[in-house]
Amino acid sequence: DIQMTQSPSTLSASVGDRVTITCRASQTITKWLAWCQQKPGQAPRLLISKISSLQDGVPSRFSGSGSGTEFTLTINSLQPDDFATYYCQEYNDYSGYTFGQGTKVEIK
Amino acid sequence: QVRLVQSGAEVKKPGASVKVSCKASGYTFTENAMHWVRQAPGQRFEWLGWTFTDTGYTTYSRKFQDRVTITRDTYATTAYMELTSLTSEDTAVYYCARGYEGTFDFWGQGTLVTVSS
């Protein structure tokens, strides 16, 4: 099965910073790579699907990119509402849906 | 607006079963698959399986396929997830989530299932 590894696990940043989170897959994956945001006590919120497709209502400071086994989520100009935990997630026909371990974005 | 409302928290003894419901509204229920995902304390999310809400066809994660059953009631626009032979390792928050482009675009609020003797 494909393993998804995010880095870093924790990230300390300030409002206005540009933040990049990396997700590496143990095998090449196709287009089914998504990013979601979760705040304490809440359900996840989908930010990006198919590597780079921003969901309706998600601020344009969020962007996704990558291919093959390495993918990134970038947050330009971090806002107070962005302090949360972010997860990458992939899908394939063989093993289904797999998540990364999460990256917690904390206030510096 | 799309809403997925789950049933309340459960406390179960080891060996028991649990059934969680997920009431959907705000969209045509049979146009999207419904998935179940769980998050145990300190663990990453795990996908349990999904159902095609129009046909009832299901696919389960290999890890859970012997213990999980996902069903749906199209008239009630409700999906269900039953997990059997519970152990303490099944203590987690269980979510239903609507399928979309290889991921999940709307999630229920989560149902805490605690397994304890």
# chains A, B, ... in the order shown; residues from 1 in each chain; ligands from 1
>>> residues_around(residues="segment 64-73 of chain B", least_positions_apart="2", cutoff="12 Å", atoms="only C-alpha atoms", output="NGL selection string")
:B and (15-24 or 29-30 or 33-38 or 46-62 or 75-87 or 90 or 96)
>>> interface_residues(of="chain A", to="chain B", cutoff="10 Å", atoms="only C-alpha atoms", output="ChimeraX atom specification")
/A:31-36,41-50,55,87,89-102
>>> atom_distance(atom1="atom CA of Ser52 of chain A", atom2="atom CA of Thr74 of chain A")
10.5 Å
>>> closest_residue(among="A:Leu11, A:Val105, A:Ile51, A:Ile29", to="Thr72 of chain A", atoms="only C-alpha atoms")
A:Ile51
>>> select_by_dssp(residues="chain A", states="strand (DSSP E or B)", output="compact mmCIF listing (two decimals) with N, CA and C atoms, in the first residue's frame")
# COMPACT_ATOMS: atom_id res chain seq x y z
N MET A 4 1.97 7.78 2.92
CA MET A 4 2.05 9.22 2.73
C MET A 4 2.76 9.82 3.93
N THR A 5 3.84 10.57 3.67
CA THR A 5 4.63 11.16 4.75
C THR A 5 4.68 12.67 4.56
N GLN A 6 4.23 13.37 5.57
CA GLN A 6 4.24 14.82 5.52
C GLN A 6 5.44 15.38 6.28
N SER A 7 5.92 16.53 5.84
CA SER A 7 6.96 17.24 6.58
C SER A 7 6.74 18.74 6.44
N THR A 10 5.33 19.56 12.64
CA THR A 10 4.90 20.80 13.28
C THR A 10 5.64 21.95 12.65
N LEU A 11 4.98 23.05 12.50
CA LEU A 11 5.56 24.23 11.86
C LEU A 11 5.14 25.45 12.65
N SER A 12 6.11 26.26 13.08
CA SER A 12 5.80 27.50 13.79
C SER A 12 5.98 28.66 12.82
N ALA A 13 4.96 29.49 12.71
CA ALA A 13 5.00 30.59 11.75
C ALA A 13 4.24 31.79 12.30
N VAL A 19 4.05 29.74 3.96
CA VAL A 19 4.23 28.43 4.57
C VAL A 19 4.12 27.35 3.50
N THR A 20 5.04 26.39 3.55
CA THR A 20 4.99 25.27 2.60
C THR A 20 5.03 23.96 3.37
N ILE A 21 4.08 23.09 3.05
CA ILE A 21 4.00 21.76 3.64
C ILE A 21 4.21 20.74 2.51
N THR A 22 5.03 19.75 2.78
CA THR A 22 5.35 18.75 1.77
C THR A 22 4.73 17.41 2.11
N CYS A 23 4.27 16.71 1.09
CA CYS A 23 3.71 15.37 1.25
C CYS A 23 4.41 14.46 0.24
N ARG A 24 5.05 13.42 0.74
CA ARG A 24 5.75 12.48 -0.13
C ARG A 24 5.05 11.12 -0.09
N ALA A 25 4.86 10.56 -1.27
CA ALA A 25 4.23 9.26 -1.40
C ALA A 25 5.29 8.19 -1.64
N LEU A 33 -4.79 13.55 -5.42
CA LEU A 33 -4.09 14.02 -4.23
C LEU A 33 -4.83 15.26 -3.73
N ALA A 34 -5.20 15.22 -2.46
CA ALA A 34 -6.00 16.30 -1.89
C ALA A 34 -5.37 16.80 -0.60
N TRP A 35 -5.78 18.00 -0.21
CA TRP A 35 -5.35 18.60 1.05
C TRP A 35 -6.58 19.04 1.83
N CYS A 36 -6.58 18.78 3.14
CA CYS A 36 -7.67 19.27 3.97
C CYS A 36 -7.10 19.93 5.23
N GLN A 37 -7.94 20.73 5.86
CA GLN A 37 -7.58 21.47 7.06
C GLN A 37 -8.50 21.00 8.19
N GLN A 38 -7.93 20.83 9.37
CA GLN A 38 -8.75 20.46 10.52
C GLN A 38 -8.38 21.34 11.71
N ARG A 45 -11.93 20.04 6.62
CA ARG A 45 -12.47 20.87 5.54
C ARG A 45 -11.59 20.68 4.32
N LEU A 46 -12.20 20.33 3.19
CA LEU A 46 -11.44 20.14 1.97
C LEU A 46 -10.96 21.48 1.43
N LEU A 47 -9.67 21.57 1.15
CA LEU A 47 -9.09 22.79 0.58
C LEU A 47 -8.82 22.63 -0.91
N ILE A 48 -8.15 21.53 -1.25
CA ILE A 48 -7.65 21.32 -2.62
C ILE A 48 -7.87 19.87 -3.02
N SER A 49 -8.37 19.66 -4.21
CA SER A 49 -8.49 18.31 -4.78
C SER A 49 -7.67 18.23 -6.06
N SER A 53 -6.56 21.86 -7.51
CA SER A 53 -7.88 22.44 -7.73
C SER A 53 -8.45 23.00 -6.43
N LEU A 54 -8.51 24.32 -6.35
CA LEU A 54 -8.97 25.00 -5.14
C LEU A 54 -10.48 24.86 -5.02
N PHE A 62 -4.22 29.84 -0.57
CA PHE A 62 -3.90 28.42 -0.55
C PHE A 62 -3.66 27.94 -1.98
N SER A 63 -2.61 27.16 -2.17
CA SER A 63 -2.36 26.57 -3.47
C SER A 63 -1.69 25.22 -3.31
N GLY A 64 -1.89 24.36 -4.28
CA GLY A 64 -1.29 23.04 -4.27
C GLY A 64 -0.54 22.78 -5.56
N SER A 65 0.52 21.99 -5.46
CA SER A 65 1.30 21.65 -6.65
C SER A 65 2.00 20.33 -6.43
N GLY A 66 2.68 19.88 -7.49
CA GLY A 66 3.47 18.67 -7.38
C GLY A 66 3.10 17.63 -8.41
N SER A 67 3.88 16.55 -8.43
CA SER A 67 3.63 15.44 -9.33
C SER A 67 4.45 14.25 -8.86
N GLU A 70 6.00 13.71 -4.96
CA GLU A 70 6.18 14.87 -4.07
C GLU A 70 5.17 15.97 -4.39
N PHE A 71 4.49 16.40 -3.35
CA PHE A 71 3.42 17.37 -3.50
C PHE A 71 3.54 18.41 -2.39
N THR A 72 3.08 19.63 -2.67
CA THR A 72 3.18 20.69 -1.68
C THR A 72 1.87 21.46 -1.56
N LEU A 73 1.63 21.90 -0.34
CA LEU A 73 0.57 22.86 -0.04
C LEU A 73 1.27 24.14 0.39
N THR A 74 0.94 25.23 -0.24
CA THR A 74 1.52 26.52 0.10
C THR A 74 0.43 27.45 0.57
N ILE A 75 0.72 28.15 1.66
CA ILE A 75 -0.18 29.19 2.16
C ILE A 75 0.59 30.50 2.07
N THR A 85 -4.33 22.06 11.67
CA THR A 85 -3.57 20.91 11.20
C THR A 85 -3.98 20.58 9.78
N TYR A 86 -3.00 20.31 8.94
CA TYR A 86 -3.24 20.05 7.52
C TYR A 86 -2.86 18.62 7.18
N TYR A 87 -3.69 17.99 6.36
CA TYR A 87 -3.47 16.60 5.97
C TYR A 87 -3.48 16.47 4.45
N CYS A 88 -2.54 15.70 3.93
CA CYS A 88 -2.66 15.29 2.53
C CYS A 88 -3.35 13.92 2.51
N GLN A 89 -3.90 13.59 1.37
CA GLN A 89 -4.66 12.35 1.22
C GLN A 89 -4.64 11.93 -0.23
N GLU A 90 -4.41 10.65 -0.47
CA GLU A 90 -4.39 10.15 -1.85
C GLU A 90 -5.41 9.05 -2.02
N TYR A 91 -5.76 8.79 -3.27
CA TYR A 91 -6.67 7.70 -3.61
C TYR A 91 -6.06 6.88 -4.74
N ASN A 92 -6.17 5.57 -4.64
CA ASN A 92 -5.86 4.69 -5.76
C ASN A 92 -6.81 3.51 -5.73
N GLY A 96 -7.34 2.11 -1.93
CA GLY A 96 -8.34 3.06 -1.45
C GLY A 96 -7.73 4.40 -1.08
N TYR A 97 -8.09 4.89 0.09
CA TYR A 97 -7.74 6.25 0.50
C TYR A 97 -6.75 6.21 1.66
N THR A 98 -5.67 6.99 1.53
CA THR A 98 -4.62 7.01 2.54
C THR A 98 -4.29 8.46 2.89
N PHE A 99 -4.10 8.70 4.19
CA PHE A 99 -3.81 10.04 4.67
C PHE A 99 -2.37 10.16 5.16
N THR A 103 0.26 17.92 9.53
CA THR A 103 1.21 18.98 9.86
C THR A 103 0.48 20.05 10.64
N LYS A 104 0.92 20.28 11.87
CA LYS A 104 0.29 21.29 12.72
C LYS A 104 0.98 22.61 12.50
N VAL A 105 0.23 23.62 12.11
CA VAL A 105 0.76 24.97 11.93
C VAL A 105 0.44 25.77 13.19
N GLU A 106 1.48 26.15 13.90
CA GLU A 106 1.33 26.85 15.18
C GLU A 106 1.76 28.30 15.07
N ILE A 107 1.30 29.09 16.00
CA ILE A 107 1.70 30.49 16.06
C ILE A 107 3.11 30.59 16.65
>>> closest_residue(among="B:Thr91, B:Ser25, B:Thr74, B:Gln39", to="Val2 of chain B", atoms="only C-alpha atoms")
B:Ser25
>>> residues_around(residues="Asp81 of chain A", least_positions_apart="3", cutoff="10 Å", atoms="only C-alpha atoms", output="ChimeraX atom specification")
/A:15,39,78,84
>>> write_last_selection(atoms="all heavy atoms", output="short mmCIF file (atom, residue, chain, number, x, y, z; two decimals), in the first residue's frame")
data_model
loop_
_atom_site.label_atom_id
_atom_site.label_comp_id
_atom_site.auth_asym_id
_atom_site.auth_seq_id
_atom_site.Cartn_x
_atom_site.Cartn_y
_atom_site.Cartn_z
N VAL A 15 1.88 35.40 11.44
CA VAL A 15 0.92 35.97 10.49
C VAL A 15 1.69 36.71 9.41
O VAL A 15 2.63 37.46 9.69
CB VAL A 15 -0.06 36.90 11.21
CG1 VAL A 15 -0.94 37.65 10.21
CG2 VAL A 15 -0.93 36.11 12.18
N LYS A 39 -9.39 21.89 12.35
CA LYS A 39 -9.20 22.63 13.58
C LYS A 39 -9.69 21.78 14.74
O LYS A 39 -10.54 20.89 14.55
CB LYS A 39 -9.95 23.96 13.50
CG LYS A 39 -9.39 24.87 12.41
CD LYS A 39 -10.13 26.18 12.32
CE LYS A 39 -9.53 27.03 11.22
NZ LYS A 39 -10.25 28.31 11.06
N LEU A 78 0.11 33.93 5.66
CA LEU A 78 -0.63 33.20 6.67
C LEU A 78 -1.52 34.14 7.48
O LEU A 78 -1.09 35.22 7.91
CB LEU A 78 0.36 32.49 7.58
CG LEU A 78 -0.14 31.37 8.48
CD1 LEU A 78 -0.53 30.15 7.66
CD2 LEU A 78 0.95 31.01 9.49
N ALA A 84 -3.91 25.62 12.19
CA ALA A 84 -4.70 24.40 12.17
C ALA A 84 -3.77 23.25 11.81
O ALA A 84 -2.56 23.45 11.66
CB ALA A 84 -5.81 24.51 11.12
#
